[in-house]
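> Next up, data-v8.tsv (TSV, C-alpha atoms).
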chain	number	residue	atom	x	y	z
A	1	MET	CA	170.41	81.18	92.60
A	2	THR	CA	168.51	84.30	91.58
A	3	GLU	CA	164.95	84.00	90.42
A	4	GLU	CA	163.95	85.65	87.20
A	5	PRO	CA	161.27	88.31	87.73
A	6	GLN	CA	157.98	87.17	86.32
A	7	VAL	CA	156.68	89.30	83.54
A	8	ARG	CA	152.96	89.75	83.67
A	9	LYS	CA	151.32	88.89	80.39
A	10	ARG	CA	149.70	91.89	78.81
A	11	ASP	CA	146.02	91.54	78.17
A	12	SER	CA	144.66	94.64	76.50
A	13	ALA	CA	141.08	93.34	76.42
A	14	ALA	CA	141.10	92.63	80.15
A	15	THR	CA	142.66	96.01	80.91
A	16	LYS	CA	140.12	97.81	78.74
A	17	ALA	CA	137.27	95.93	80.44
A	18	ALA	CA	138.70	96.74	83.89
A	19	LEU	CA	138.87	100.43	82.97
A	20	LEU	CA	135.27	100.36	81.71
A	21	ASP	CA	134.05	98.60	84.86
A	22	ALA	CA	135.95	100.97	87.15
A	23	ALA	CA	134.68	104.00	85.26
A	24	ALA	CA	131.09	102.72	85.32
A	25	SER	CA	131.26	102.23	89.06
A	26	LEU	CA	132.78	105.64	89.79
A	27	PHE	CA	130.58	107.57	87.35
A	28	ALA	CA	127.48	105.96	88.91
A	29	GLU	CA	128.69	106.80	92.40
A	30	ARG	CA	130.10	110.30	91.82
A	31	GLY	CA	129.01	111.56	88.42
A	32	PHE	CA	131.28	112.67	85.59
A	33	ASP	CA	132.71	115.85	87.08
A	34	ARG	CA	133.71	114.34	90.43
A	35	THR	CA	135.39	111.29	88.89
A	36	THR	CA	139.05	111.65	87.95
A	37	VAL	CA	141.06	109.71	85.39
A	38	ARG	CA	143.52	108.92	88.18
A	39	ASP	CA	140.75	107.37	90.32
A	40	ILE	CA	139.49	105.26	87.41
A	41	ALA	CA	142.97	103.96	86.60
A	42	LYS	CA	143.68	103.22	90.26
A	43	LEU	CA	140.45	101.28	90.73
A	44	ALA	CA	141.13	99.33	87.53
A	45	GLY	CA	144.71	98.60	88.55
A	46	ALA	CA	145.97	100.19	85.35
A	47	ASN	CA	148.13	103.08	84.26
A	48	GLN	CA	146.35	106.33	83.34
A	49	ALA	CA	148.14	106.31	80.00
A	50	LEU	CA	146.27	103.14	79.06
A	51	LEU	CA	142.96	104.89	79.62
A	52	PHE	CA	143.95	107.49	77.06
A	53	ARG	CA	145.34	104.87	74.71
A	54	TYR	CA	142.14	102.81	74.70
A	55	PHE	CA	139.54	105.58	74.91
A	56	GLY	CA	141.25	108.84	73.92
A	57	SER	CA	139.68	110.98	76.65
A	58	LYS	CA	137.58	110.89	79.78
A	59	ASP	CA	134.60	112.08	77.70
A	60	ALA	CA	135.01	109.22	75.24
A	61	LEU	CA	135.31	106.73	78.11
A	62	PHE	CA	132.13	108.13	79.63
A	63	GLU	CA	130.29	107.77	76.33
A	64	GLU	CA	131.46	104.15	76.07
A	65	VAL	CA	130.33	103.41	79.63
A	66	LEU	CA	126.89	104.83	78.92
A	67	ALA	CA	126.52	103.10	75.58
A	68	ARG	CA	127.97	99.69	76.54
A	69	GLY	CA	125.01	98.36	78.50
A	70	GLY	CA	122.43	99.97	76.28
A	71	ARG	CA	123.88	98.63	73.05
A	72	GLU	CA	124.05	95.12	74.44
A	73	GLN	CA	120.50	95.35	75.72
A	74	ILE	CA	119.15	96.61	72.40
A	75	ALA	CA	121.07	93.98	70.43
A	76	THR	CA	120.00	91.02	72.58
A	77	THR	CA	116.45	91.89	73.61
A	78	PRO	CA	113.35	91.44	71.44
A	79	PRO	CA	111.62	94.81	70.88
A	80	ASP	CA	108.49	93.81	72.81
A	81	GLU	CA	110.64	92.96	75.86
A	82	LEU	CA	113.01	95.96	75.73
A	83	LEU	CA	111.11	98.25	78.09
A	84	GLY	CA	110.61	95.50	80.65
A	85	THR	CA	114.25	94.47	80.46
A	86	ALA	CA	115.51	98.04	80.79
A	87	LEU	CA	113.15	98.74	83.69
A	88	ARG	CA	113.99	95.50	85.47
A	89	SER	CA	117.76	96.05	85.11
A	90	MET	CA	117.37	99.51	86.60
A	91	LEU	CA	115.35	98.20	89.58
A	92	GLU	CA	117.49	95.17	90.49
A	93	SER	CA	119.42	95.01	93.74
A	94	ASP	CA	122.86	96.64	93.74
A	95	ALA	CA	124.80	93.47	92.95
A	96	ARG	CA	122.82	92.71	89.77
A	97	ARG	CA	121.73	96.19	88.73
A	98	ASP	CA	122.90	98.03	85.64
A	99	ARG	CA	124.26	101.35	86.94
A	100	THR	CA	124.32	103.08	83.54
A	101	LEU	CA	121.25	105.15	84.37
A	102	ASP	CA	122.79	106.23	87.68
A	103	ALA	CA	125.91	107.41	85.84
A	104	TYR	CA	123.76	109.33	83.37
A	105	LEU	CA	121.55	110.92	86.02
A	106	ARG	CA	124.48	111.93	88.22
A	107	SER	CA	126.16	113.55	85.20
A	108	THR	CA	123.30	115.43	83.54
A	109	GLY	CA	125.10	118.75	83.93
A	110	HIS	CA	127.91	117.53	81.70
A	111	ASP	CA	126.96	118.58	78.17
A	112	SER	CA	128.88	116.06	76.09
A	113	ALA	CA	127.72	113.22	78.33
A	114	ALA	CA	124.08	114.15	77.91
A	115	ALA	CA	124.56	114.55	74.15
A	116	ALA	CA	126.19	111.13	73.94
A	117	VAL	CA	123.27	109.46	75.68
A	118	ARG	CA	120.69	111.23	73.53
A	119	ARG	CA	122.59	110.41	70.38
A	120	GLN	CA	123.71	106.85	71.07
A	121	LEU	CA	121.08	105.40	73.34
A	122	GLY	CA	118.03	107.60	73.42
A	123	GLU	CA	117.55	107.47	69.67
A	124	GLU	CA	118.26	103.74	69.50
A	125	TYR	CA	115.83	102.89	72.32
A	126	ALA	CA	113.19	105.22	70.90
A	127	LYS	CA	113.55	103.70	67.43
A	128	VAL	CA	112.94	100.20	68.82
A	129	LEU	CA	110.06	101.27	71.08
A	130	ALA	CA	108.39	103.17	68.23
A	131	THR	CA	108.09	99.89	66.31
A	132	LEU	CA	105.71	98.61	68.96
A	133	THR	CA	102.89	100.91	67.88
A	134	ASP	CA	101.40	101.77	64.53
A	135	SER	CA	100.21	105.20	65.69
A	136	ASP	CA	101.12	108.26	63.63
A	137	ASP	CA	102.84	109.70	66.70
A	138	ALA	CA	104.92	106.59	67.44
A	139	ASP	CA	108.10	108.63	67.95
A	140	LEU	CA	106.42	110.84	70.54
A	141	ARG	CA	105.01	107.81	72.35
A	142	ALA	CA	108.47	106.20	72.45
A	143	ASP	CA	109.99	109.42	73.84
A	144	LEU	CA	107.30	109.55	76.53
A	145	ILE	CA	108.18	106.01	77.60
A	146	LEU	CA	111.87	106.95	77.78
A	147	ALA	CA	111.08	110.06	79.81
A	148	TRP	CA	109.07	107.94	82.21
A	149	LEU	CA	111.94	105.46	82.56
A	150	LEU	CA	114.43	108.26	83.30
A	151	GLY	CA	112.00	109.81	85.77
A	152	ILE	CA	111.60	106.53	87.63
A	153	GLY	CA	115.37	106.26	87.89
A	154	LEU	CA	115.69	109.83	89.12
A	155	VAL	CA	113.00	109.50	91.79
A	156	ARG	CA	114.04	106.03	92.94
A	157	GLU	CA	117.84	106.25	92.89
A	158	ILE	CA	118.85	109.90	93.04
A	159	THR	CA	116.21	111.56	95.22
A	160	GLY	CA	115.30	108.36	97.11
A	161	LYS	CA	111.65	109.41	97.38
A	162	GLU	CA	109.38	106.91	99.06
A	163	PRO	CA	107.44	104.81	98.36
A	164	LEU	CA	109.15	104.35	94.97
A	165	ALA	CA	112.67	104.14	96.43
A	166	SER	CA	111.90	100.92	98.29
A	167	ALA	CA	109.09	99.58	96.11
A	168	ASP	CA	109.26	95.96	95.06
A	169	PRO	CA	110.61	95.72	91.48
A	170	ASP	CA	107.80	93.30	90.55
A	171	ASP	CA	105.18	95.86	91.60
A	172	VAL	CA	106.88	98.68	89.71
A	173	CYS	CA	107.22	96.55	86.57
A	174	ARG	CA	103.60	95.40	86.75
A	175	LEU	CA	102.27	98.96	87.00
A	176	VAL	CA	104.62	100.60	84.49
A	177	LEU	CA	104.44	97.88	81.85
A	178	GLY	CA	100.64	97.75	82.11
A	179	ALA	CA	100.39	101.49	81.46
A	180	ALA	CA	103.05	101.38	78.73
A	181	ARG	CA	101.08	98.74	76.82
A	182	THR	CA	98.25	101.26	76.50
A	183	LEU	CA	100.60	103.93	75.17
A	184	LEU	CA	102.27	101.57	72.69
A	185	GLU	CA	99.16	99.65	71.57
A	186	ARG	CA	98.50	98.82	67.94
A	187	SER	CA	95.26	99.91	66.31
A	188	GLY	CA	94.32	96.64	64.75
Show this structure as structure tokens.


Amino acid sequence: MTEEPQVRKRDSAATKAALLDAAASLFAERGFDRTTVRDIAKLAGANQALLFRYFGSKDALFEEVLARGGREQIATTPPDELLGTALRSMLESDARRDRTLDAYLRSTGHDSAAAAVRRQLGEEYAKVLATLTDSDDADLRADLILAWLLGIGLVREITGKEPLASADPDDVCRLVLGAARTLLERSG
């Protein structure tokens, strides 16, 4: 008796999520330019054609990877906790850490990637952070906080400069959030 070959049930949502996860991992590790569509598909256990079907291009996939974590964080985090949540997620140990910032920092030379982050995330984060102060220069203050956050990620994760690279996340959060409160204070 011959067995019928089992047909694997297609699950487009699971395949799309696997492609996003694989891309996020590889972009964080290698950056945009050194990550190939073939490598992403292989890591996800999917066909390259599906990557193009679901995302259209490597650039569009990269934009989705960068925006995915940020959008969720903005949507689920109260404004007064957003900076702390973003900072903490960046500082967590490898298993729990959001690697979106790593992907962004390792791909800063890629123009469309940088534009996507500025457009999709930078403006959204800044808009939320600007609501935390009633100062006339609220937008500038929010941008300064974002620049500080990116700088912390760059020094800690990309350059590995000590003592920040191995600093305890609780200490970093305590110091940064204390200073940020001053920058984002309300007048009355």

> As an exercise, work out the distance from CA of Leu146 in chain A to CA of Leu175 in chain A in Å and give it to one decimal place.

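If I compute the distance from CA of Leu146 in chain A to CA of Leu175 in chain A, I get 15.5 Å.
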
> Taking 3 positions as the minimum chain separation for residues in the same chain, which residues sit within 12 Å of Pro78 in chain A when counting only C-alpha atoms? Answer as a list of chain:residue names.

A:Glu72, A:Gln73, A:Ile74, A:Ala75, A:Glu81, A:Leu82, A:Leu83, A:Gly84, A:Thr85, A:Ala86, A:Tyr125, A:Val128, A:Leu129, A:Thr131, A:Leu132

> May I ask for the distance between CA of Glu185 in chain A and CA of Val172 in chain A, given in Å to one decimal place?

19.7 Å

> Quick one, how far is CA of Leu121 in chain A from CA of Leu184 in chain A?

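Between these atoms lies a distance of 19.2 Å.
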
> Rank nothing, just name the residue among A:Glu29, A:Gly45, A:Leu183, A:Phe62 nearest to Ser135 in chain A, using all atoms listed in the file.

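Closest residue, counting all atoms listed in the file: A:Leu183.
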
> Neighbouring residues of Val37 in chain A were defined as those with any atom within 8 Å, considering all atoms listed in the file; residues of the same chain fewer than 2 positions away were excluded. Please report them as a list of chain:residue names.

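In the requested form, the answer reads A:Thr35, A:Asp39, A:Ile40, A:Ala41, A:Gln48, A:Leu51, A:Lys58.
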
> Would you kindly place N, CA, C and O atoms on range 158-177 of chain A and return the model as a CSV table (one decimal), in the coordinates of the input?


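Wrote it out as part20.csv, contents follow:
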chain,number,residue,atom,x,y,z
A,158,ILE,N,118.2,108.7,92.7
A,158,ILE,CA,118.8,109.9,93.0
A,158,ILE,C,118.2,110.6,94.2
A,158,ILE,O,118.8,111.0,95.2
A,159,THR,N,116.9,110.8,94.1
A,159,THR,CA,116.2,111.6,95.2
A,159,THR,C,115.8,110.6,96.4
A,159,THR,O,115.6,111.1,97.5
A,160,GLY,N,115.7,109.3,96.1
A,160,GLY,CA,115.3,108.4,97.1
A,160,GLY,C,113.9,108.6,97.7
A,160,GLY,O,113.6,108.2,98.8
A,161,LYS,N,113.0,109.1,96.9
A,161,LYS,CA,111.6,109.4,97.4
A,161,LYS,C,110.9,108.1,97.6
A,161,LYS,O,110.8,107.3,96.7
A,162,GLU,N,110.2,108.0,98.7
A,162,GLU,CA,109.4,106.9,99.1
A,162,GLU,C,108.0,107.2,98.6
A,162,GLU,O,107.6,108.4,98.6
A,163,PRO,N,107.2,106.2,98.2
A,163,PRO,CA,107.4,104.8,98.4
A,163,PRO,C,108.2,104.2,97.2
A,163,PRO,O,108.6,103.0,97.3
A,164,LEU,N,108.5,104.9,96.1
A,164,LEU,CA,109.2,104.4,95.0
A,164,LEU,C,110.6,103.8,95.3
A,164,LEU,O,111.0,102.8,94.8
A,165,ALA,N,111.3,104.5,96.1
A,165,ALA,CA,112.7,104.1,96.4
A,165,ALA,C,112.8,102.7,97.0
A,165,ALA,O,113.8,102.0,96.7
A,166,SER,N,111.8,102.3,97.7
A,166,SER,CA,111.9,100.9,98.3
A,166,SER,C,110.8,100.0,97.7
A,166,SER,O,110.7,98.9,98.2
A,167,ALA,N,110.2,100.4,96.7
A,167,ALA,CA,109.1,99.6,96.1
A,167,ALA,C,109.7,98.3,95.5
A,167,ALA,O,110.8,98.2,95.0
A,168,ASP,N,108.9,97.2,95.6
A,168,ASP,CA,109.3,96.0,95.1
A,168,ASP,C,109.3,96.1,93.5
A,168,ASP,O,108.4,96.6,92.9
A,169,PRO,N,110.5,95.6,92.9
A,169,PRO,CA,110.6,95.7,91.5
A,169,PRO,C,109.5,95.1,90.7
A,169,PRO,O,109.1,95.6,89.7
A,170,ASP,N,108.9,94.0,91.2
A,170,ASP,CA,107.8,93.3,90.6
A,170,ASP,C,106.6,94.2,90.5
A,170,ASP,O,105.9,94.3,89.5
A,171,ASP,N,106.3,94.9,91.6
A,171,ASP,CA,105.2,95.9,91.6
A,171,ASP,C,105.4,97.0,90.6
A,171,ASP,O,104.5,97.4,89.9
A,172,VAL,N,106.6,97.6,90.6
A,172,VAL,CA,106.9,98.7,89.7
A,172,VAL,C,106.7,98.2,88.3
A,172,VAL,O,106.1,98.9,87.4
A,173,CYS,N,107.3,97.1,87.9
A,173,CYS,CA,107.2,96.6,86.6
A,173,CYS,C,105.8,96.3,86.2
A,173,CYS,O,105.4,96.6,85.1
A,174,ARG,N,105.0,95.7,87.0
A,174,ARG,CA,103.6,95.4,86.8
A,174,ARG,C,102.8,96.7,86.4
A,174,ARG,O,102.1,96.8,85.4
A,175,LEU,N,103.0,97.7,87.2
A,175,LEU,CA,102.3,99.0,87.0
A,175,LEU,C,102.8,99.7,85.8
A,175,LEU,O,102.0,100.2,84.9
A,176,VAL,N,104.1,99.8,85.6
A,176,VAL,CA,104.6,100.6,84.5
A,176,VAL,C,104.4,99.9,83.2
A,176,VAL,O,103.9,100.5,82.2
A,177,LEU,N,104.6,98.6,83.1
A,177,LEU,CA,104.4,97.9,81.8
A,177,LEU,C,103.0,97.8,81.4
A,177,LEU,O,102.6,97.9,80.3
